[in-house]
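A short worksheet on the structure shown next.
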Amino acid sequence: MKQYAARLGEHLRNRLFLYASAAIALGWTLGVAFPQAASNHTQALSRVMNVLVVLMIYPMMIGLNLSQLPRALQQPRPLLLSLFYNFVVTPVLSVILVQAMYAPPELALGFYLVMLIPGASMAVAFTGMAGGSVEVATLAQAAGFLVVPFALPLFMHWAGQSQALSVPLASLVSTVVLVLIVPMVLGDLTRRALVRRFGATVLLTIKPFLGVIPALTMLLVMLLIFFSKGAMLAQNWQMLVPLMVATLVFLLSILALMTWLNRRLGLSYAQHTAVAFVSSGKNNATAIAIALSTAGLGPLVAVPAATLPMFQAVLLVGYVHLAHRLRRYFGECPAEASGLAPQKI
């Protein structure tokens, strides 16, 4: 089962664009074909998606090892840079892009939401595939999850005001607690309990499943989101085009900026790769969960997070394929380029 899950996880990573596109197309087609069914079962769809939200978030939190964070203090520069890119550069770029794309308020709010939740579920896997520091990527991802509960409610409250939308701060804070903090605590407790009961090797056994379950669940949620709003989106499909362009511009801009600046600041290739994947890849599953669980928001706010995986997968896989050129750009020696040199934080 472990080997099958690992192969399935790799298969999903390599073909996420195709599966995300298929989930959106199928959900959209069904939503257009059966608009009355989607309208008549709004509450049932909401309950199903809320259950799926738990299946997306909880396994990810079991794989999040918060106990390693103190080690990052030994060499904090990569960690601080990841926080800078995620919570300073990304919001600035998001504001610029939202102003440029003239999106409907709900889509603009959804774009802000997904942009502020770093650490794509496959960021660590992409880091390893590119020969980067998996340790740095893991620490940066954990640090980002600790900052999000504090930064997200304030930023989204401001974003709602900028779009003339009411984003109830109390509801958003309670959603962040239920979707992020509670699963984070339960995931950490589950991780510790498993290690005490079965030993540290159990984490290697269950790791493939912790990646596959959220990915499959996210695809199903994407299908349901577009099913629930299929008829409306079919009539207003033009509004998705600026959103897709903004997503592409963001990913290309942030990757180019990090590649140039990280080299100027003296990061190694392994450190840069970890920071780049964690900071450019957004946690779509968490953004979808918050959009669906917060009173006053809804499926339309989740659309940007549902469409992002298509572009994110293609560009991040493309960045993996640039590994050899990036190593030379960062001045790696032959031993480092061959993967023989040790990777440090």
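FYI, nothing fancy with the structure tokens labels: chains A, B, ... in order, residues from 1 per chain, ligands from 1 as they appear.
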For the interface of segment 219-256 of chain A with segment 308-330 of chain A (cut-off 12 Å, counting only C-alpha atoms), please tabulate each contacting residue of segment 219-256 of chain A alongside its nearest pair of atoms and their separation in Å to one decimal, rows sorted by chain and increasing number, as a Markdown table.
```
| residue | atom | partner | partner_atom | distance |
| --- | --- | --- | --- | --- |
| A:Leu219 | CA | A:Pro309 | CA | 9.6 |
| A:Met222 | CA | A:Pro309 | CA | 10.0 |
| A:Leu240 | CA | A:Leu308 | CA | 11.3 |
| A:Leu243 | CA | A:Leu308 | CA | 9.3 |
| A:Met244 | CA | A:Leu308 | CA | 7.8 |
| A:Val245 | CA | A:Phe311 | CA | 9.8 |
| A:Ala246 | CA | A:Leu308 | CA | 10.2 |
| A:Thr247 | CA | A:Leu308 | CA | 6.9 |
| A:Leu248 | CA | A:Phe311 | CA | 6.7 |
| A:Val249 | CA | A:Phe311 | CA | 10.3 |
| A:Phe250 | CA | A:Gln312 | CA | 10.2 |
| A:Leu251 | CA | A:Gln312 | CA | 7.4 |
| A:Leu252 | CA | A:Leu315 | CA | 8.0 |
| A:Ser253 | CA | A:Leu315 | CA | 11.5 |
| A:Ile254 | CA | A:Leu315 | CA | 11.5 |
| A:Leu255 | CA | A:Tyr319 | CA | 8.6 |
| A:Ala256 | CA | A:Tyr319 | CA | 10.5 |
```
Next, dump the selected residues to file, keeping only C-alpha atoms, as a PDB file, in the first residue's frame.
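New file again.pdb:
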```pdb
ATOM      1  CA  LEU A 219      -9.747  17.587  -6.722  1.00  0.00           C
ATOM      2  CA  MET A 222     -12.794  21.633  -6.983  1.00  0.00           C
ATOM      3  CA  LEU A 240     -12.077  34.151 -15.231  1.00  0.00           C
ATOM      4  CA  LEU A 243      -7.887  35.935 -12.917  1.00  0.00           C
ATOM      5  CA  MET A 244      -5.866  33.343 -14.845  1.00  0.00           C
ATOM      6  CA  VAL A 245      -3.584  36.024 -16.300  1.00  0.00           C
ATOM      7  CA  ALA A 246      -3.010  37.520 -12.845  1.00  0.00           C
ATOM      8  CA  THR A 247      -2.148  34.085 -11.463  1.00  0.00           C
ATOM      9  CA  LEU A 248       0.430  33.473 -14.202  1.00  0.00           C
ATOM     10  CA  VAL A 249       1.937  36.946 -13.767  1.00  0.00           C
ATOM     11  CA  PHE A 250       2.230  36.447 -10.012  1.00  0.00           C
ATOM     12  CA  LEU A 251       3.990  33.088 -10.277  1.00  0.00           C
ATOM     13  CA  LEU A 252       6.414  34.254 -12.957  1.00  0.00           C
ATOM     14  CA  SER A 253       7.158  37.493 -11.093  1.00  0.00           C
ATOM     15  CA  ILE A 254       7.736  35.950  -7.663  1.00  0.00           C
ATOM     16  CA  LEU A 255       9.944  33.159  -9.038  1.00  0.00           C
ATOM     17  CA  ALA A 256      12.049  35.629 -11.033  1.00  0.00           C
TER      18      ALA A 256
END
```
Practice task
Skip segment 209-214 of chain A itself and residues of its chain fewer than 5 positions away, then list as a list in words all residues within 7 Å of it, counting only C-alpha atoms.
Solution key: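 My reading of the contact set: Ala5, Gly9, Leu55, Met56, Ile57, Pro59, Met60 and Gly63 of chain A.
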Just write the chosen residues, N, CA and C atoms, as a PDB file, in the first residue's frame.
```pdb
ATOM      1  N   ALA A   5       0.765   4.118  -2.788  1.00  0.00           N
ATOM      2  CA  ALA A   5       0.457   5.516  -2.460  1.00  0.00           C
ATOM      3  C   ALA A   5       1.566   6.444  -2.936  1.00  0.00           C
ATOM      4  N   GLY A   9       1.074   9.364  -5.546  1.00  0.00           N
ATOM      5  CA  GLY A   9       1.440  10.732  -5.229  1.00  0.00           C
ATOM      6  C   GLY A   9       2.321  11.352  -6.296  1.00  0.00           C
ATOM      7  N   LEU A  55     -10.867  16.354   5.616  1.00  0.00           N
ATOM      8  CA  LEU A  55     -10.000  15.356   4.985  1.00  0.00           C
ATOM      9  C   LEU A  55      -8.825  15.998   4.251  1.00  0.00           C
ATOM     10  N   MET A  56      -8.967  17.259   3.838  1.00  0.00           N
ATOM     11  CA  MET A  56      -7.862  17.956   3.183  1.00  0.00           C
ATOM     12  C   MET A  56      -6.835  18.433   4.193  1.00  0.00           C
ATOM     13  N   ILE A  57      -7.300  19.032   5.276  1.00  0.00           N
ATOM     14  CA  ILE A  57      -6.413  19.755   6.187  1.00  0.00           C
ATOM     15  C   ILE A  57      -5.734  18.830   7.205  1.00  0.00           C
ATOM     16  N   PRO A  59      -4.731  15.567   7.383  1.00  0.00           N
ATOM     17  CA  PRO A  59      -3.518  14.805   7.033  1.00  0.00           C
ATOM     18  C   PRO A  59      -2.291  15.693   6.814  1.00  0.00           C
ATOM     19  N   MET A  60      -2.504  16.892   6.246  1.00  0.00           N
ATOM     20  CA  MET A  60      -1.373  17.794   6.044  1.00  0.00           C
ATOM     21  C   MET A  60      -0.761  18.192   7.368  1.00  0.00           C
ATOM     22  N   GLY A  63       1.614  15.703   8.941  1.00  0.00           N
ATOM     23  CA  GLY A  63       2.944  15.733   8.344  1.00  0.00           C
ATOM     24  C   GLY A  63       3.740  16.976   8.669  1.00  0.00           C
TER      25      GLY A  63
END
```
Mind running segment 22-122 of chain A against segment 270-274 of chain A at 12 Å and telling me each contacting residue's nearest atom pair with the distance in Å (one decimal), counting only C-alpha atoms, chain and number ascending, as a Markdown table?
```
| residue | atom | partner | partner_atom | distance |
| --- | --- | --- | --- | --- |
| A:Gln75 | CA | A:Gln271 | CA | 10.7 |
| A:Pro76 | CA | A:Gln271 | CA | 11.0 |
| A:Arg77 | CA | A:Gln271 | CA | 9.4 |
| A:Pro78 | CA | A:Gln271 | CA | 6.4 |
| A:Leu79 | CA | A:Gln271 | CA | 9.3 |
| A:Leu80 | CA | A:Gln271 | CA | 11.8 |
| A:Leu81 | CA | A:His272 | CA | 9.6 |
| A:Ser82 | CA | A:Ala274 | CA | 8.9 |
| A:Gly119 | CA | A:Ala274 | CA | 10.3 |
| A:Ala120 | CA | A:Ala274 | CA | 11.8 |
| A:Met122 | CA | A:Ala274 | CA | 11.6 |
```
Handout entry: Within 7 Å of segment 178-193 of chain A using only C-alpha atoms, minus same-chain residues under 6 positions, as an MDAnalysis selection string
Key = chainID A and resid 57:58 61:62 289:290
Handout entry: segment 91-101 of chain A surroundings by only C-alpha atoms, 12 Å radius, close-in-sequence under 6 positions cut, as a VMD selection string
Key = chain A and resid 83 to 85 107 to 118 151 to 152 155 to 156 158 to 159 162 to 163 238 to 254 257 279 to 280 304
Kindly export the residues of the current selection with N, CA and C atoms, as a compact mmCIF listing (two decimals), in the first residue's frame.
```txt
# COMPACT_ATOMS: atom_id res chain seq x y z
N LEU A 83 9.39 34.20 4.96
CA LEU A 83 8.34 35.01 5.58
C LEU A 83 8.21 36.36 4.89
N PHE A 84 9.33 36.94 4.49
CA PHE A 84 9.32 38.22 3.78
C PHE A 84 8.59 38.08 2.44
N TYR A 85 8.90 37.04 1.68
CA TYR A 85 8.24 36.84 0.39
C TYR A 85 6.75 36.57 0.56
N LEU A 107 -14.25 37.34 -6.59
CA LEU A 107 -13.05 36.72 -7.14
C LEU A 107 -11.79 37.44 -6.65
N ALA A 108 -11.86 38.76 -6.56
CA ALA A 108 -10.71 39.52 -6.03
C ALA A 108 -10.41 39.11 -4.60
N LEU A 109 -11.47 38.96 -3.80
CA LEU A 109 -11.28 38.54 -2.41
C LEU A 109 -10.69 37.14 -2.34
N GLY A 110 -11.16 36.25 -3.23
CA GLY A 110 -10.61 34.90 -3.27
C GLY A 110 -9.15 34.88 -3.70
N PHE A 111 -8.78 35.79 -4.60
CA PHE A 111 -7.39 35.90 -5.03
C PHE A 111 -6.51 36.33 -3.86
N TYR A 112 -6.96 37.33 -3.12
CA TYR A 112 -6.22 37.75 -1.93
C TYR A 112 -6.07 36.58 -0.94
N LEU A 113 -7.15 35.84 -0.76
CA LEU A 113 -7.15 34.75 0.21
C LEU A 113 -6.11 33.69 -0.12
N VAL A 114 -6.12 33.19 -1.35
CA VAL A 114 -5.20 32.11 -1.70
C VAL A 114 -3.74 32.60 -1.73
N MET A 115 -3.54 33.87 -2.09
CA MET A 115 -2.17 34.38 -2.15
C MET A 115 -1.51 34.46 -0.79
N LEU A 116 -2.31 34.59 0.27
CA LEU A 116 -1.72 34.79 1.60
C LEU A 116 -1.54 33.48 2.37
N ILE A 117 -1.80 32.35 1.72
CA ILE A 117 -1.62 31.07 2.42
C ILE A 117 -0.51 30.29 1.72
N PRO A 118 0.72 30.40 2.23
CA PRO A 118 1.86 29.79 1.54
C PRO A 118 1.98 28.30 1.83
N ALA A 151 -1.93 36.79 10.49
CA ALA A 151 -1.90 37.74 9.38
C ALA A 151 -3.17 37.70 8.54
N LEU A 152 -3.71 36.50 8.34
CA LEU A 152 -4.83 36.35 7.40
C LEU A 152 -6.08 37.12 7.80
N PHE A 155 -5.56 40.93 7.13
CA PHE A 155 -5.42 41.25 5.72
C PHE A 155 -6.75 41.06 4.98
N MET A 156 -7.47 39.98 5.29
CA MET A 156 -8.73 39.72 4.60
C MET A 156 -9.80 40.73 5.00
N TRP A 158 -9.19 43.86 5.70
CA TRP A 158 -8.86 45.03 4.88
C TRP A 158 -9.26 44.78 3.42
N ALA A 159 -8.98 43.58 2.90
CA ALA A 159 -9.29 43.27 1.51
C ALA A 159 -10.80 43.36 1.26
N SER A 162 -11.71 46.92 0.94
CA SER A 162 -11.25 47.49 -0.33
C SER A 162 -12.14 47.09 -1.49
N GLN A 163 -12.84 45.95 -1.35
CA GLN A 163 -13.74 45.48 -2.40
C GLN A 163 -15.21 45.75 -2.09
N GLN A 238 -16.02 35.21 -18.96
CA GLN A 238 -14.98 36.20 -19.29
C GLN A 238 -14.27 36.70 -18.04
N MET A 239 -14.96 36.66 -16.90
CA MET A 239 -14.34 37.19 -15.69
C MET A 239 -13.22 36.29 -15.16
N LEU A 240 -13.15 35.04 -15.66
CA LEU A 240 -12.08 34.15 -15.23
C LEU A 240 -10.77 34.43 -15.96
N VAL A 241 -10.82 35.03 -17.13
CA VAL A 241 -9.62 35.26 -17.92
C VAL A 241 -8.62 36.18 -17.20
N PRO A 242 -9.06 37.36 -16.70
CA PRO A 242 -8.11 38.20 -15.96
C PRO A 242 -7.54 37.50 -14.73
N LEU A 243 -8.36 36.67 -14.08
CA LEU A 243 -7.89 35.93 -12.92
C LEU A 243 -6.75 34.99 -13.29
N MET A 244 -6.91 34.27 -14.39
CA MET A 244 -5.87 33.34 -14.85
C MET A 244 -4.59 34.09 -15.24
N VAL A 245 -4.75 35.22 -15.92
CA VAL A 245 -3.58 36.02 -16.30
C VAL A 245 -2.86 36.53 -15.06
N ALA A 246 -3.62 37.01 -14.08
CA ALA A 246 -3.01 37.52 -12.85
C ALA A 246 -2.25 36.41 -12.11
N THR A 247 -2.81 35.21 -12.11
CA THR A 247 -2.15 34.09 -11.46
C THR A 247 -0.82 33.77 -12.13
N LEU A 248 -0.81 33.74 -13.46
CA LEU A 248 0.43 33.47 -14.20
C LEU A 248 1.46 34.57 -13.96
N VAL A 249 1.01 35.82 -13.98
CA VAL A 249 1.94 36.95 -13.77
C VAL A 249 2.53 36.88 -12.37
N PHE A 250 1.71 36.55 -11.38
CA PHE A 250 2.23 36.45 -10.01
C PHE A 250 3.32 35.39 -9.91
N LEU A 251 3.03 34.19 -10.41
CA LEU A 251 3.99 33.09 -10.28
C LEU A 251 5.29 33.39 -11.00
N LEU A 252 5.20 33.92 -12.21
CA LEU A 252 6.41 34.25 -12.96
C LEU A 252 7.20 35.37 -12.26
N SER A 253 6.50 36.36 -11.73
CA SER A 253 7.16 37.49 -11.09
C SER A 253 7.85 37.08 -9.80
N ILE A 254 7.16 36.31 -8.96
CA ILE A 254 7.74 35.95 -7.66
C ILE A 254 8.91 34.99 -7.83
N LEU A 257 11.87 37.13 -9.13
CA LEU A 257 12.39 37.98 -8.06
C LEU A 257 13.20 37.17 -7.06
N SER A 279 7.47 29.60 -1.03
CA SER A 279 6.94 30.97 -1.13
C SER A 279 6.08 31.19 -2.37
N SER A 280 6.38 30.51 -3.46
CA SER A 280 5.58 30.70 -4.68
C SER A 280 4.36 29.78 -4.71
N PRO A 304 -10.73 31.21 -7.21
CA PRO A 304 -9.30 31.42 -7.49
C PRO A 304 -8.41 30.30 -6.94
```
Exercise for the section: Determine which residues of segment 102-246 of chain A receive a DSSP assignment of helix (DSSP H, G or I), computed from the backbone, and state them as a ChimeraX atom specification. Expected result: /A:105-115,123-129,134-162,169-198,201-228,230-235,237-246
Completion exercise
With distances taken over only C-alpha atoms, the candidate from A:Gln235, A:Leu203, A:Ala276, A:Ala164 nearest Trp260 of chain A is A:Ala276
What are the nearest atom pairs, with distances in Å to one decimal, for all residues of segment 211-328 of chain A that come at most 9 Å from segment 38-46 of chain A, using only C-alpha atoms, set out by chain and rising residue number as a Markdown table?
```
| residue | atom | partner | partner_atom | distance |
| --- | --- | --- | --- | --- |
| A:Leu224 | CA | A:Leu45 | CA | 7.5 |
| A:Ile225 | CA | A:Leu45 | CA | 8.9 |
| A:Phe227 | CA | A:Ala38 | CA | 6.7 |
| A:Ser228 | CA | A:Ala38 | CA | 5.2 |
| A:Lys229 | CA | A:Ala38 | CA | 7.8 |
| A:Gly230 | CA | A:Ala38 | CA | 8.6 |
| A:Leu292 | CA | A:Ser46 | CA | 7.6 |
| A:Ser293 | CA | A:Ser46 | CA | 8.7 |
| A:Pro299 | CA | A:Ser46 | CA | 9.0 |
```
Exercise for the section: Show which residues sit within 8 Å of Leu52 of chain A, as number ranges by chain. Count only C-alpha atoms, and ignore same-chain residues fewer than 5 positions away. Expected result: A: 217-218, 221
Handout entry: Top pick for closest residue to Thr29 of chain A, considering A:Val124, A:Leu297, A:Ala170, A:Ala234 and counting only C-alpha atoms
Key =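 Answer, going by the shortest atom-to-atom distance: A:Ala234.
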